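Enquirer: Structure file model.txt, compact mmCIF, C-alpha atoms, is pasted below:
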# COMPACT_ATOMS: atom_id res chain seq x y z
CA MET E 1068 0.76 10.39 47.67
CA MET E 1069 1.62 12.53 44.65
CA ILE E 1070 4.73 10.45 43.95
CA ALA E 1071 2.63 7.28 43.99
CA ILE E 1072 0.15 8.78 41.52
CA LEU E 1073 2.98 9.83 39.19
CA GLN E 1074 4.55 6.38 39.38
CA VAL E 1075 1.25 4.71 38.52
CA ALA E 1076 0.77 7.10 35.58
CA ILE E 1077 4.33 6.48 34.35
CA GLY E 1078 3.85 2.72 34.63
CA LEU E 1079 0.59 2.75 32.68
CA MET E 1080 1.99 5.04 29.97
CA PHE E 1081 5.02 2.78 29.63
CA VAL E 1082 2.76 -0.25 29.17
CA PHE E 1083 0.59 1.61 26.65
CA SER E 1084 3.72 2.65 24.72
CA LEU E 1085 5.02 -0.92 24.54
CA LEU E 1086 1.61 -2.27 23.53
CA SER E 1087 1.26 0.38 20.83
CA ILE E 1088 4.68 -0.53 19.43
CA LEU E 1089 3.63 -4.19 19.45
CA VAL E 1090 0.50 -3.32 17.47
CA THR E 1091 2.52 -1.30 14.93
CA THR E 1092 4.95 -4.19 14.57
CA LEU E 1093 2.15 -6.73 14.09
CA ASN E 1094 0.53 -4.39 11.58
CA THR E 1095 3.72 -4.52 9.55
CA VAL E 1096 3.81 -8.32 9.67
CA VAL E 1097 0.16 -8.65 8.66
CA ALA E 1098 0.42 -6.02 5.90
CA ASN E 1099 3.47 -7.76 4.43
CA LEU E 1100 2.03 -11.25 4.66
CA LEU E 1101 -1.24 -10.14 3.05
CA LYS E 1102 0.60 -7.76 0.66
CA THR E 1103 -1.96 -5.13 1.57
CA ARG E 1104 -0.07 -2.19 0.06
CA ALA E 1105 0.49 -4.01 -3.23
CA ARG E 1106 -3.17 -5.00 -3.43
CA PHE E 1107 -4.29 -1.43 -2.80
CA LEU E 1108 -1.89 -0.19 -5.48
CA ARG E 1109 -3.20 -2.70 -8.00
CA GLN E 1110 -6.79 -1.75 -7.19
CA GLY E 1111 -5.90 1.92 -7.52
CA ILE E 1112 -4.41 1.30 -10.98
CA LEU E 1113 -7.50 -0.68 -12.00
CA THR E 1114 -9.78 2.20 -11.01
CA LEU E 1115 -7.46 4.69 -12.72
CA ILE E 1116 -7.04 2.81 -16.01
CA THR E 1117 -10.51 1.48 -16.79
CA ASP E 1118 -9.73 0.14 -20.27
CA PRO E 1119 -9.37 -3.69 -19.89
CA GLU E 1120 -6.64 -4.02 -22.53
CA LEU E 1121 -4.51 -1.24 -21.07
CA GLN E 1122 -5.14 -2.54 -17.54
CA ALA E 1123 -3.64 -5.90 -18.48
CA GLN E 1124 -0.71 -4.39 -20.38
CA PHE E 1125 0.18 -1.81 -17.72
CA ILE E 1126 -0.04 -4.04 -14.64
CA SER E 1127 1.98 -6.83 -16.30
CA HIS E 1128 4.55 -4.43 -17.82
CA PRO E 1129 8.14 -5.36 -16.82
CA LEU E 1130 8.82 -1.82 -15.58
CA VAL E 1131 5.80 -2.03 -13.27
CA ARG E 1132 5.77 -5.71 -12.19
CA LEU E 1133 2.63 -5.48 -10.08
CA VAL E 1134 1.72 -9.14 -10.69
CA ARG E 1135 3.58 -12.36 -11.32
CA LEU E 1136 2.64 -12.68 -14.98
CA PRO E 1137 4.59 -12.27 -18.22
CA MET E 1138 3.85 -9.02 -20.00
CA ILE E 1139 0.63 -9.03 -21.98
CA SER E 1140 1.73 -7.33 -25.20
CA PRO E 1141 -0.53 -5.25 -27.46
CA GLY E 1142 -0.35 -7.94 -30.13
CA TYR E 1143 -1.79 -10.51 -27.72
CA VAL E 1144 -5.16 -8.77 -27.43
CA ALA E 1145 -7.19 -8.94 -30.62
CA SER E 1146 -10.80 -8.60 -29.41
CA ALA E 1147 -12.90 -7.16 -26.60
CA ALA E 1148 -13.37 -10.65 -25.14
CA GLU E 1149 -9.62 -11.27 -25.10
CA ALA E 1150 -9.05 -7.87 -23.51
CA GLN E 1151 -11.55 -8.69 -20.75
CA ASP E 1152 -9.90 -12.07 -20.23
CA ALA E 1153 -6.46 -10.48 -19.99
CA ALA E 1154 -7.74 -7.92 -17.46
CA GLN E 1155 -9.24 -10.75 -15.41
CA GLN E 1156 -5.86 -12.48 -15.41
CA VAL E 1157 -4.06 -9.52 -13.85
CA GLN E 1158 -6.86 -8.97 -11.34
CA ASN E 1159 -6.61 -12.57 -10.11
CA ALA E 1160 -2.84 -13.00 -10.38
CA GLU E 1161 -0.58 -13.01 -7.33
CA VAL E 1162 0.73 -9.54 -6.56
CA THR E 1163 4.44 -8.86 -6.13
CA GLN E 1164 6.07 -6.82 -3.35
CA ILE E 1165 5.82 -3.62 -5.43
CA THR E 1166 3.99 -1.07 -3.29
CA TRP E 1167 4.64 2.19 -5.15
CA ILE E 1168 5.06 3.46 -8.70
CA GLU E 1169 6.83 6.73 -9.41
CA PRO E 1170 4.55 9.18 -11.27
CA LYS E 1171 7.21 9.62 -13.97
CA MET E 1172 7.34 5.85 -14.50
CA PHE E 1173 3.54 5.68 -14.68
CA ALA E 1174 3.46 8.37 -17.38
CA GLN E 1175 6.29 6.80 -19.38
CA VAL E 1176 4.79 3.30 -19.36
CA LEU E 1177 1.30 4.52 -20.22
CA THR E 1178 2.49 6.73 -23.09
CA SER E 1179 4.66 3.87 -24.33
CA LEU E 1180 1.65 1.53 -24.39
CA LEU E 1181 -0.48 4.11 -26.17
CA ASN E 1182 2.30 4.72 -28.69
CA GLU E 1183 2.52 0.98 -29.36
CA LYS E 1184 -1.23 0.93 -29.80
CA SER E 1185 -0.99 3.61 -32.48
CA GLU E 1186 2.03 2.00 -34.14
CA ILE E 1187 0.14 -1.21 -34.74
CA SER E 1188 -2.72 0.58 -36.46
CA LEU E 1189 -0.99 3.61 -37.97
CA TYR E 1190 2.67 2.93 -38.76
CA ASP E 1191 2.89 -0.85 -39.05
CA PRO E 1192 1.05 -0.98 -42.42
CA LEU E 1193 3.55 1.51 -43.87
CA LEU E 1194 6.55 -0.30 -42.37
CA MET E 1195 5.29 -3.65 -43.66
CA THR E 1196 4.88 -2.16 -47.14
CA VAL E 1197 8.41 -0.77 -47.00
CA GLU E 1198 9.68 -4.15 -45.77
CA ALA E 1199 8.48 -5.70 -49.05
CA LEU E 1200 10.81 -3.42 -51.05
CA PRO E 1201 14.12 -4.78 -52.33
CA ASP E 1202 17.04 -4.11 -50.00
CA SER E 1203 18.78 -0.85 -50.83
CA ALA E 1204 20.15 2.33 -49.31
CA GLN E 1205 16.88 4.04 -50.22
CA LYS E 1206 14.91 1.46 -48.24
CA GLU E 1207 17.07 2.04 -45.16
CA ARG E 1208 16.61 5.81 -45.50
CA ILE E 1209 12.82 5.40 -45.78
CA VAL E 1210 12.74 3.29 -42.59
CA ASP E 1211 14.82 5.92 -40.76
CA LEU E 1212 12.49 8.69 -41.95
CA ILE E 1213 9.43 6.75 -40.78
CA PHE E 1214 10.94 6.23 -37.32
CA GLY E 1215 11.86 9.91 -37.17
CA LEU E 1216 8.37 10.92 -38.21
CA GLN E 1217 6.92 8.57 -35.62
CA SER E 1218 9.01 9.90 -32.72
CA THR E 1219 9.19 13.63 -33.55
CA GLY E 1220 6.42 14.32 -36.04
CA LEU E 1221 9.03 15.82 -38.39
CA GLY E 1222 10.26 14.75 -41.81
CA LEU E 1223 6.99 14.11 -43.67
CA GLU E 1224 8.05 16.11 -46.74
CA ASP E 1225 11.42 14.34 -46.86
CA LEU E 1226 9.63 11.01 -46.65
CA ARG E 1227 7.25 11.91 -49.48
CA ALA E 1228 10.14 13.12 -51.63
CA THR E 1229 12.06 9.89 -51.04
CA LEU E 1230 9.01 7.78 -51.90
CA TYR E 1231 8.67 9.69 -55.20
CA GLU E 1232 12.21 8.63 -56.07
CA LEU E 1233 11.19 4.96 -56.03
CA PRO E 1234 10.03 3.12 -59.14
CA THR E 1235 6.41 3.98 -59.94
CA GLU E 1236 5.17 0.42 -59.41
CA TYR E 1237 5.92 0.71 -55.64
CA GLN E 1238 4.46 4.17 -55.10
CA PRO E 1239 0.67 3.50 -55.00
CA HIS E 1240 0.91 1.02 -52.10
CA LEU E 1241 3.34 3.18 -50.18
CA PHE E 1242 1.33 6.39 -50.51
CA ALA E 1243 -1.85 4.50 -49.62
CA ALA E 1244 -0.19 3.34 -46.38
CA LEU E 1245 1.12 6.87 -45.74
CA GLU E 1246 -2.27 8.53 -46.24
CA PRO E 1247 -3.76 7.70 -42.77
CA ILE E 1248 -0.61 9.07 -41.12
CA GLU E 1249 -0.87 12.34 -43.06
CA ALA E 1250 -4.56 12.61 -42.17
CA ARG E 1251 -3.82 12.18 -38.44
CA MET E 1252 -1.00 14.72 -38.62
CA ASN E 1253 -3.29 17.24 -40.29
CA ASP E 1254 -5.89 16.64 -37.56
CA ALA E 1255 -3.23 17.18 -34.91
CA ARG E 1256 -2.10 20.43 -36.51
CA ARG E 1257 -5.68 21.70 -36.66
CA ASP E 1258 -6.00 20.95 -32.94
CA GLY E 1259 -2.76 22.81 -32.27
CA ALA E 1260 -0.83 19.70 -31.17
CA ALA E 1261 2.82 19.11 -31.97
CA GLY E 1262 3.68 16.42 -34.49
CA GLY E 1263 5.52 14.38 -31.84
CA LEU E 1264 2.20 13.90 -30.06
CA LEU E 1265 0.66 12.13 -33.04
CA PRO E 1266 1.37 8.54 -31.88
CA LEU E 1267 0.08 9.31 -28.38
CA LEU E 1268 -3.08 11.01 -29.65
CA GLU E 1269 -3.68 8.18 -32.10
CA GLY E 1270 -3.25 5.69 -29.26
CA VAL E 1271 -5.78 7.64 -27.18
CA ARG E 1272 -8.18 7.67 -30.12
CA ARG E 1273 -8.00 3.87 -30.28
CA ILE E 1274 -8.79 3.24 -26.58
CA SER E 1275 -11.85 0.99 -26.52
CA ASP E 1276 -13.21 2.07 -23.12
CA ASP E 1277 -15.28 5.19 -23.79
CA ALA E 1278 -14.94 6.78 -20.33
CA PHE E 1279 -11.17 6.28 -20.19
CA ARG E 1280 -10.76 7.55 -23.76
CA ARG E 1281 -12.62 10.76 -22.90
CA ALA E 1282 -10.56 11.20 -19.72
CA MET E 1283 -7.31 10.77 -21.62
CA LYS E 1284 -8.39 13.26 -24.28
CA VAL E 1285 -8.97 15.85 -21.57
CA ILE E 1286 -5.64 15.10 -19.87
CA VAL E 1287 -3.31 15.03 -22.89
CA GLY E 1288 -5.43 16.81 -25.49
CA SER E 1289 -4.30 20.28 -24.41
CA ALA E 1290 -0.59 19.40 -24.29
CA GLN E 1291 1.74 21.09 -26.77
CA SER E 1292 4.56 18.56 -26.42
CA ILE E 1293 5.13 14.99 -25.31
CA ASP E 1294 6.89 16.27 -22.16
CA GLU E 1295 3.87 18.38 -21.26
CA ALA E 1296 1.55 15.43 -21.87
CA GLN E 1297 3.64 13.23 -19.59
CA HIS E 1298 3.69 15.93 -16.91
CA GLN E 1299 -0.10 16.13 -17.00
CA LEU E 1300 -0.31 12.33 -16.68
CA GLU E 1301 2.04 12.49 -13.68
CA THR E 1302 -0.15 15.12 -12.00
CA TRP E 1303 -3.27 13.06 -12.63
CA PHE E 1304 -1.59 9.93 -11.23
CA ASP E 1305 -0.37 11.81 -8.15
CA SER E 1306 -3.83 13.11 -7.29
CA ARG E 1307 -5.48 9.70 -7.65
CA MET E 1308 -2.74 7.89 -5.72
CA GLY E 1309 -3.32 10.33 -2.87
CA GLN E 1310 -6.82 8.88 -2.59
CA VAL E 1311 -5.41 5.34 -2.65
CA SER E 1312 -2.99 6.25 0.16
CA SER E 1313 -5.88 7.60 2.24
CA GLN E 1314 -7.82 4.39 1.71
CA PHE E 1315 -4.77 2.36 2.70
CA GLN E 1316 -4.32 4.38 5.88
CA ARG E 1317 -7.96 3.81 6.81
CA MET E 1318 -7.47 0.08 6.28
CA MET E 1319 -4.33 0.09 8.43
CA THR E 1320 -6.24 1.94 11.16
CA LEU E 1321 -8.85 -0.80 11.05
CA TYR E 1322 -6.06 -3.39 11.22
CA SER E 1323 -4.67 -1.58 14.27
CA VAL E 1324 -8.01 -1.67 16.08
CA ILE E 1325 -8.54 -5.36 15.30
CA ILE E 1326 -4.96 -6.36 16.14
CA GLY E 1327 -4.95 -4.19 19.26
CA THR E 1328 -8.20 -5.75 20.48
CA ILE E 1329 -6.94 -9.29 19.87
CA LEU E 1330 -3.59 -8.55 21.52
CA VAL E 1331 -5.15 -6.94 24.60
CA LEU E 1332 -7.58 -9.84 25.03
CA LEU E 1333 -4.92 -12.52 24.49
CA LEU E 1334 -2.51 -10.89 26.93
CA ASN E 1335 -5.31 -9.87 29.32
CA VAL E 1336 -4.01 -6.31 29.66
CA ASP E 1337 -6.61 -4.89 32.03
CA THR E 1338 -6.02 -1.21 32.86
CA LEU E 1339 -8.22 -1.31 35.97
CA HIS E 1340 -6.43 -4.35 37.36
CA MET E 1341 -2.98 -2.94 36.52
CA THR E 1342 -3.85 0.38 38.18
CA GLN E 1343 -5.09 -1.36 41.31
CA THR E 1344 -2.01 -3.60 41.47
CA LEU E 1345 0.43 -0.74 40.96
CA TRP E 1346 -1.32 1.31 43.62
CA ASN E 1347 -1.37 -1.52 46.18
CA GLU E 1348 2.20 -2.77 45.60
CA PRO E 1349 4.77 0.01 46.14
CA ALA E 1350 7.76 -2.21 45.27
CA LEU E 1351 6.27 -3.20 41.90
CA ARG E 1352 5.22 0.39 41.26
CA GLU E 1353 8.74 1.61 41.93
CA ALA E 1354 10.31 -1.09 39.74
CA VAL E 1355 8.03 -0.37 36.77
CA SER E 1356 8.54 3.38 37.13
CA VAL E 1357 12.33 2.94 37.19
CA ALA E 1358 12.19 0.66 34.13
CA ALA E 1359 10.15 3.28 32.27
CA GLU E 1360 12.53 6.10 33.19
CA GLN E 1361 15.56 4.05 32.18
CA ALA E 1362 13.95 3.20 28.83
CA MET E 1363 13.30 6.90 28.24
CA GLN E 1364 16.69 8.19 29.37
CA SER E 1365 18.66 5.55 27.46
CA GLY E 1366 16.65 6.16 24.30
CA ALA E 1367 15.70 2.47 24.10
CA LEU E 1368 11.96 3.15 23.96
CA GLN E 1369 12.39 5.80 21.27
CA GLN E 1370 14.57 3.44 19.25
CA GLN E 1371 11.96 0.67 19.49
CA MET E 1372 9.23 3.04 18.36
CA GLU E 1373 11.28 4.39 15.45
CA GLU E 1374 12.27 0.89 14.33
CA ALA E 1375 8.62 -0.18 14.30
CA GLN E 1376 7.71 2.89 12.24
CA ARG E 1377 10.62 2.29 9.85
CA ASP E 1378 9.56 -1.32 9.35
CA ALA E 1379 6.03 -0.14 8.61
CA ALA E 1380 7.34 2.37 6.06
CA ALA E 1381 9.78 -0.17 4.58
CA ALA E 1382 6.91 -1.91 2.79
CA GLN E 1383 7.08 0.94 0.24
CA ASP E 1384 10.50 -0.37 -0.84
CA PRO E 1385 10.04 -3.26 -3.29
CA ASP E 1386 13.43 -4.70 -2.28
CA ALA E 1387 12.72 -4.62 1.45
CA ALA E 1388 11.48 -7.63 3.39
CA PRO E 1389 10.84 -6.37 6.92
CA THR E 1390 8.63 -9.25 8.06
CA LEU E 1391 11.39 -11.29 9.76
CA ASP E 1392 12.85 -8.22 11.49
CA SER E 1393 9.36 -7.25 12.63
CA VAL E 1394 8.78 -10.67 14.19
CA GLU E 1395 12.08 -10.47 16.06
CA SER E 1396 11.24 -6.95 17.28
CA PHE E 1397 7.82 -8.16 18.42
CA GLU E 1398 9.38 -10.96 20.47
CA ALA E 1399 11.87 -8.59 22.10
CA ILE E 1400 9.25 -5.99 23.07
CA LEU E 1401 6.83 -8.65 24.32
CA SER E 1402 9.58 -10.10 26.52
CA GLU E 1403 10.26 -6.63 27.90
CA LEU E 1404 6.57 -6.12 28.67
CA LEU E 1405 6.24 -9.46 30.45
CA SER E 1406 9.47 -8.89 32.40
CA LEU E 1407 7.77 -6.00 34.24
CA ASN E 1408 5.90 -8.62 36.33
CA LEU E 1409 2.63 -6.76 35.96
CA PRO E 1410 -0.69 -8.67 36.20
CA ILE E 1411 -0.68 -9.51 32.49
CA GLY E 1412 -1.79 -12.83 31.05
CA TRP E 1413 -4.37 -15.49 31.83
CA ALA E 1414 -4.45 -18.45 34.20
CA TYR E 1415 -6.93 -21.29 34.47
CA LEU E 1416 -7.17 -22.26 38.13
CA PRO E 1417 -10.24 -24.35 39.05
CA VAL E 1418 -11.08 -24.08 42.75
CA GLU E 1419 -11.64 -27.42 44.44
CA GLY E 1420 -14.87 -27.35 46.42
CA GLY E 1421 -16.05 -24.30 44.46
CA CYS E 1422 -16.40 -20.68 45.45
CA PHE E 1423 -19.89 -20.79 47.01
CA LEU E 1424 -18.89 -21.30 50.65
CA PRO E 1425 -20.91 -20.86 53.87
CA ALA E 1426 -20.72 -17.52 55.62
CA GLY E 1427 -17.61 -17.13 57.71
CA GLN E 1428 -15.38 -19.26 55.52
CA THR E 1429 -12.60 -17.62 53.54
CA VAL E 1430 -13.22 -17.62 49.81
CA PRO E 1431 -10.03 -18.55 47.86
CA SER E 1432 -8.44 -15.63 46.06
CA ALA E 1433 -8.66 -17.53 42.76
CA CYS E 1434 -12.46 -17.08 42.90
CA SER E 1435 -12.12 -13.32 42.34
CA SER E 1436 -8.78 -13.10 40.52
CA PRO E 1437 -9.07 -10.97 37.35
CA MET E 1438 -6.47 -13.27 35.78
CA ASN E 1439 -8.32 -16.54 36.46
CA LEU E 1440 -10.28 -17.46 33.35
CA TRP E 1441 -12.10 -20.19 35.28
CA ALA E 1442 -13.76 -17.60 37.56
CA TYR E 1443 -15.48 -15.92 34.59
CA ILE E 1444 -17.46 -19.04 33.70
CA PRO E 1445 -21.06 -18.53 34.90
CA GLY E 1446 -21.76 -20.57 38.02
CA ASN E 1447 -18.14 -20.95 39.10
CA SER E 1448 -17.91 -17.79 41.19
CA PRO E 1449 -20.54 -15.65 42.93
CA GLU E 1450 -18.77 -12.58 41.53
CA TRP E 1451 -18.54 -13.71 37.90
CA GLY E 1452 -21.04 -11.06 36.67
CA SER E 1453 -19.28 -8.09 38.27
CA MET E 1454 -15.92 -9.54 37.23
CA ILE E 1455 -16.98 -9.63 33.58
CA ILE E 1456 -18.21 -6.02 33.74
CA ALA E 1457 -14.97 -4.86 35.38
CA LYS E 1458 -12.91 -6.85 32.88
CA LEU E 1459 -14.78 -5.35 29.92
CA ILE E 1460 -14.19 -1.84 31.25
CA GLY E 1461 -10.52 -2.58 31.89
CA VAL E 1462 -9.74 -4.05 28.47
CA ILE E 1463 -11.82 -1.43 26.61
CA VAL E 1464 -9.82 1.33 28.31
CA THR E 1465 -6.62 -0.46 27.24
CA ILE E 1466 -7.84 -0.87 23.65
CA ILE E 1467 -8.73 2.82 23.44
CA ALA E 1468 -5.34 3.74 24.91
CA VAL E 1469 -3.43 1.55 22.45
CA ALA E 1470 -5.41 3.04 19.55
CA GLN E 1471 -3.81 6.43 20.29
CA GLY E 1472 -0.51 5.10 18.97
CA ALA E 1473 3.03 4.85 20.32
CA PRO E 1474 4.08 8.46 19.49
CA PHE E 1475 1.18 9.82 21.59
CA TRP E 1476 2.15 7.85 24.70
CA PHE E 1477 5.87 8.34 24.15
CA ASP E 1478 5.38 12.12 24.08
CA LEU E 1479 3.26 12.10 27.26
CA LEU E 1480 5.68 9.78 29.04
CA ASN E 1481 8.63 11.93 27.99
CA ARG E 1482 6.98 15.05 29.41
CA LEU E 1483 6.06 13.30 32.65
CA VAL E 1484 9.54 11.84 33.19
CA ARG E 1485 11.21 15.18 32.44
CA GLY E 1486 8.72 16.95 34.70
CA ARG E 1487 9.87 14.84 37.62
Go ahead and render the structure in this file as structure tokens.
Expert:
Amino acid sequence: MMIAILQVAIGLMFVFSLLSILVTTLNTVVANLLKTRARFLRQGILTLITDPELQAQFISHPLVRLVRLPMISPGYVASAAEAQDAAQQVQNAEVTQITWIEPKMFAQVLTSLLNEKSEISLYDPLLMTVEALPDSAQKERIVDLIFGLQSTGLGLEDLRATLYELPTEYQPHLFAALEPIEARMNDARRDGAAGGLLPLLEGVRRISDDAFRRAMKVIVGSAQSIDEAQHQLETWFDSRMGQVSSQFQRMMTLYSVIIGTILVLLLNVDTLHMTQTLWNEPALREAVSVAAEQAMQSGALQQQMEEAQRDAAAAQDPDAAPTLDSVESFEAILSELLSLNLPIGWAYLPVEGGCFLPAGQTVPSACSSPMNLWAYIPGNSPEWGSMIIAKLIGVIVTIIAVAQGAPFWFDLLNRLVRGR
């Protein structure tokens, strides 16, 4: 008696493990086909960077490649309407397979875009004025000094001294173009910021979205170096992406419930019917129990579970394409499940003469078979109502069991098999 109970329990746990692996595998296929991770990442970036212009530039940046669009450069956006249009483009564009951005990469790309933003407004006028000078060694030195000032915040006095060496007719335009840079550097010094932060702070100052500009001022405003500013951006990105990951996991849980429900209904995996069949058929019970123990002892079940979990995690690798492998794994596990010869699946077996027979006559077994879809149609069988109730209970129990996940059932099955 006790052995029979253990064999039934082992058989059911084995089925639940295989079904849970099937659901995980299908989740991977669906998530890859719908590019769910990539879509969540894009939405997370859009909620993080609320400035339309920066949204478009960041998401289309070649180092990010979140969408299939050429990079939208700072020079492309000239007005608020164009910025909104560019943001709409990246929101509607097809996403790539990119599912994760390193925090360091996020900080580098964002600071680069903000620096470019400041260059256009702050340094370009000076560089264009210098470009109009006749070619000379002095001109080359001035350009080098400007680039040094731009990247490190150092060399302002050397630049001024070199400009004073030029003919007087060039000086007014050059010093007029230099004046805004000096003013920003003086502001930065008053705020205690290093000179190398000037382009970044100027880029922040020129963000059009008020809320994002204030947020960026808080994040990078207290930094004393560009490295510290980037570190603070990385920390901010990490914390927000944690929320995106939680949202993604909730979505995948919903996918699991939906996919599990559909799979259980399509395969007609009825826990009540399986339990009854295993209990009433000792040979089948023994065969399923042996198959479960062999799968555990050989490590085959653990390997199937780990492969399904690896495929699910592989979506984080932009170069991985686990969909085909997942489909092949699904087919193999489904074949294994069906090979157990359990009462799984549907049949449609109309009963000639019907199921409402006079007393004393034997009612065909198809009239009450939990696998006969025909018997559930109202009016076809006198037991159709009770059959539907029993079927609902059976499949709901299976759905709840599958929702626990493959690791849960694998652990229980492992303990039970070892306990024997």
Enquirer: I'd like the interatomic distance between CA of Arg1485 in chain E and CA of Leu1404 in chain E, to a tenth of an Å.
Expert: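 Separation between CA of Arg1485 in chain E and CA of Leu1404 in chain E: 22.1 Å.
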Enquirer: Enter the distance from CA of Met1318 in chain E to CA of Ala1154 in chain E, in Å, rounded to one decimal.
Expert: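 Value for the CA of Met1318 in chain E-CA of Ala1154 in chain E distance: 25.1 Å.
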Enquirer: So the first atom is CA of Pro1349 in chain E and the second is CA of Gln1074 in chain E; what is the distance between them in Å, to one decimal place?
Expert: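 Interatomic distance, CA of Pro1349 in chain E to CA of Gln1074 in chain E: 9.3 Å.
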Enquirer: Rank nothing, just name the residue among E:Glu1450, E:Glu1403, E:Asp1277, E:Glu1374 nearest to Val1082 in chain E, using only C-alpha atoms.
Expert: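 When distances to Val1082 in chain E are compared using only C-alpha atoms, the smallest one comes from E:Glu1403.
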Enquirer: Near range 1129-1136 of chain E, within 12 Å and counting all atoms listed in the file, which residues show up once chain neighbours fewer than 4 positions away are dropped, as a tab-separated table (two decimals) with C-alpha atoms, in the coordinates of the input?
Expert:
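The resulting file, result.tsv, is reproduced below:
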chain	number	residue	atom	x	y	z
E	1102	LYS	CA	0.60	-7.76	0.66
E	1104	ARG	CA	-0.07	-2.19	0.06
E	1105	ALA	CA	0.49	-4.01	-3.23
E	1106	ARG	CA	-3.17	-5.00	-3.43
E	1107	PHE	CA	-4.29	-1.43	-2.80
E	1108	LEU	CA	-1.89	-0.19	-5.48
E	1109	ARG	CA	-3.20	-2.70	-8.00
E	1110	GLN	CA	-6.79	-1.75	-7.19
E	1111	GLY	CA	-5.90	1.92	-7.52
E	1112	ILE	CA	-4.41	1.30	-10.98
E	1113	LEU	CA	-7.50	-0.68	-12.00
E	1122	GLN	CA	-5.14	-2.54	-17.54
E	1123	ALA	CA	-3.64	-5.90	-18.48
E	1124	GLN	CA	-0.71	-4.39	-20.38
E	1125	PHE	CA	0.18	-1.81	-17.72
E	1140	SER	CA	1.73	-7.33	-25.20
E	1153	ALA	CA	-6.46	-10.48	-19.99
E	1154	ALA	CA	-7.74	-7.92	-17.46
E	1156	GLN	CA	-5.86	-12.48	-15.41
E	1157	VAL	CA	-4.06	-9.52	-13.85
E	1158	GLN	CA	-6.86	-8.97	-11.34
E	1159	ASN	CA	-6.61	-12.57	-10.11
E	1160	ALA	CA	-2.84	-13.00	-10.38
E	1161	GLU	CA	-0.58	-13.01	-7.33
E	1162	VAL	CA	0.73	-9.54	-6.56
E	1163	THR	CA	4.44	-8.86	-6.13
E	1164	GLN	CA	6.07	-6.82	-3.35
E	1165	ILE	CA	5.82	-3.62	-5.43
E	1166	THR	CA	3.99	-1.07	-3.29
E	1167	TRP	CA	4.64	2.19	-5.15
E	1168	ILE	CA	5.06	3.46	-8.70
E	1169	GLU	CA	6.83	6.73	-9.41
E	1170	PRO	CA	4.55	9.18	-11.27
E	1171	LYS	CA	7.21	9.62	-13.97
E	1172	MET	CA	7.34	5.85	-14.50
E	1173	PHE	CA	3.54	5.68	-14.68
E	1174	ALA	CA	3.46	8.37	-17.38
E	1175	GLN	CA	6.29	6.80	-19.38
E	1176	VAL	CA	4.79	3.30	-19.36
E	1177	LEU	CA	1.30	4.52	-20.22
E	1179	SER	CA	4.66	3.87	-24.33
E	1180	LEU	CA	1.65	1.53	-24.39
E	1385	PRO	CA	10.04	-3.26	-3.29
Enquirer: Fewer than 5 positions away in the same chain doesn't count, so skip those; otherwise give me all residues within 10 Å of Met1454 in chain E, counting all atoms listed in the file, as a PyMOL selection string.
Expert: chain E and resi 1435-1437+1442-1443+1448-1449+1459-1460
Enquirer: Given the choices E:Ile1077, E:Arg1352, E:Gly1421, E:Leu1093, which gets closest to Trp1476 in chain E if the distance is worked out from only C-alpha atoms?
Expert: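 Using only C-alpha atoms, Trp1476 in chain E sits closest to E:Ile1077.
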Enquirer: Of the residues E:Ser1393, E:Asn1481, E:Gln1316, E:Ser1323, which is the one nearest to Gly1366 in chain E, using all atoms listed in the file?
Expert: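 Checking each of E:Ser1393, E:Asn1481, E:Gln1316, E:Ser1323 against Gly1366 in chain E, counting all atoms listed in the file, the winner is E:Asn1481.
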Enquirer: Give me range 1197-1205 of chain E with N, CA and C atoms filled in, as a PDB file, in the coordinates of the input.
Expert:
ATOM      1  N   VAL E1197       7.005  -1.080 -46.720  1.00  0.00           N
ATOM      2  CA  VAL E1197       8.410  -0.770 -47.000  1.00  0.00           C
ATOM      3  C   VAL E1197       9.259  -2.034 -46.903  1.00  0.00           C
ATOM      4  N   GLU E1198       8.918  -2.909 -45.960  1.00  0.00           N
ATOM      5  CA  GLU E1198       9.680  -4.150 -45.770  1.00  0.00           C
ATOM      6  C   GLU E1198       9.665  -5.014 -47.034  1.00  0.00           C
ATOM      7  N   ALA E1199       8.593  -4.888 -47.821  1.00  0.00           N
ATOM      8  CA  ALA E1199       8.480  -5.700 -49.050  1.00  0.00           C
ATOM      9  C   ALA E1199       9.359  -5.176 -50.180  1.00  0.00           C
ATOM     10  N   LEU E1200       9.935  -3.972 -50.009  1.00  0.00           N
ATOM     11  CA  LEU E1200      10.810  -3.420 -51.050  1.00  0.00           C
ATOM     12  C   LEU E1200      12.130  -4.176 -51.095  1.00  0.00           C
ATOM     13  N   PRO E1201      12.782  -4.172 -52.246  1.00  0.00           N
ATOM     14  CA  PRO E1201      14.120  -4.780 -52.330  1.00  0.00           C
ATOM     15  C   PRO E1201      15.091  -4.029 -51.431  1.00  0.00           C
ATOM     16  N   ASP E1202      16.049  -4.738 -50.866  1.00  0.00           N
ATOM     17  CA  ASP E1202      17.040  -4.110 -50.000  1.00  0.00           C
ATOM     18  C   ASP E1202      17.862  -3.097 -50.783  1.00  0.00           C
ATOM     19  N   SER E1203      18.000  -1.905 -50.184  1.00  0.00           N
ATOM     20  CA  SER E1203      18.780  -0.850 -50.830  1.00  0.00           C
ATOM     21  C   SER E1203      19.022   0.256 -49.814  1.00  0.00           C
ATOM     22  N   ALA E1204      19.893   1.182 -50.177  1.00  0.00           N
ATOM     23  CA  ALA E1204      20.150   2.330 -49.310  1.00  0.00           C
ATOM     24  C   ALA E1204      18.905   3.193 -49.177  1.00  0.00           C
ATOM     25  N   GLN E1205      18.125   3.274 -50.261  1.00  0.00           N
ATOM     26  CA  GLN E1205      16.880   4.040 -50.220  1.00  0.00           C
ATOM     27  C   GLN E1205      15.900   3.452 -49.206  1.00  0.00           C
TER      28      GLN E1205
END
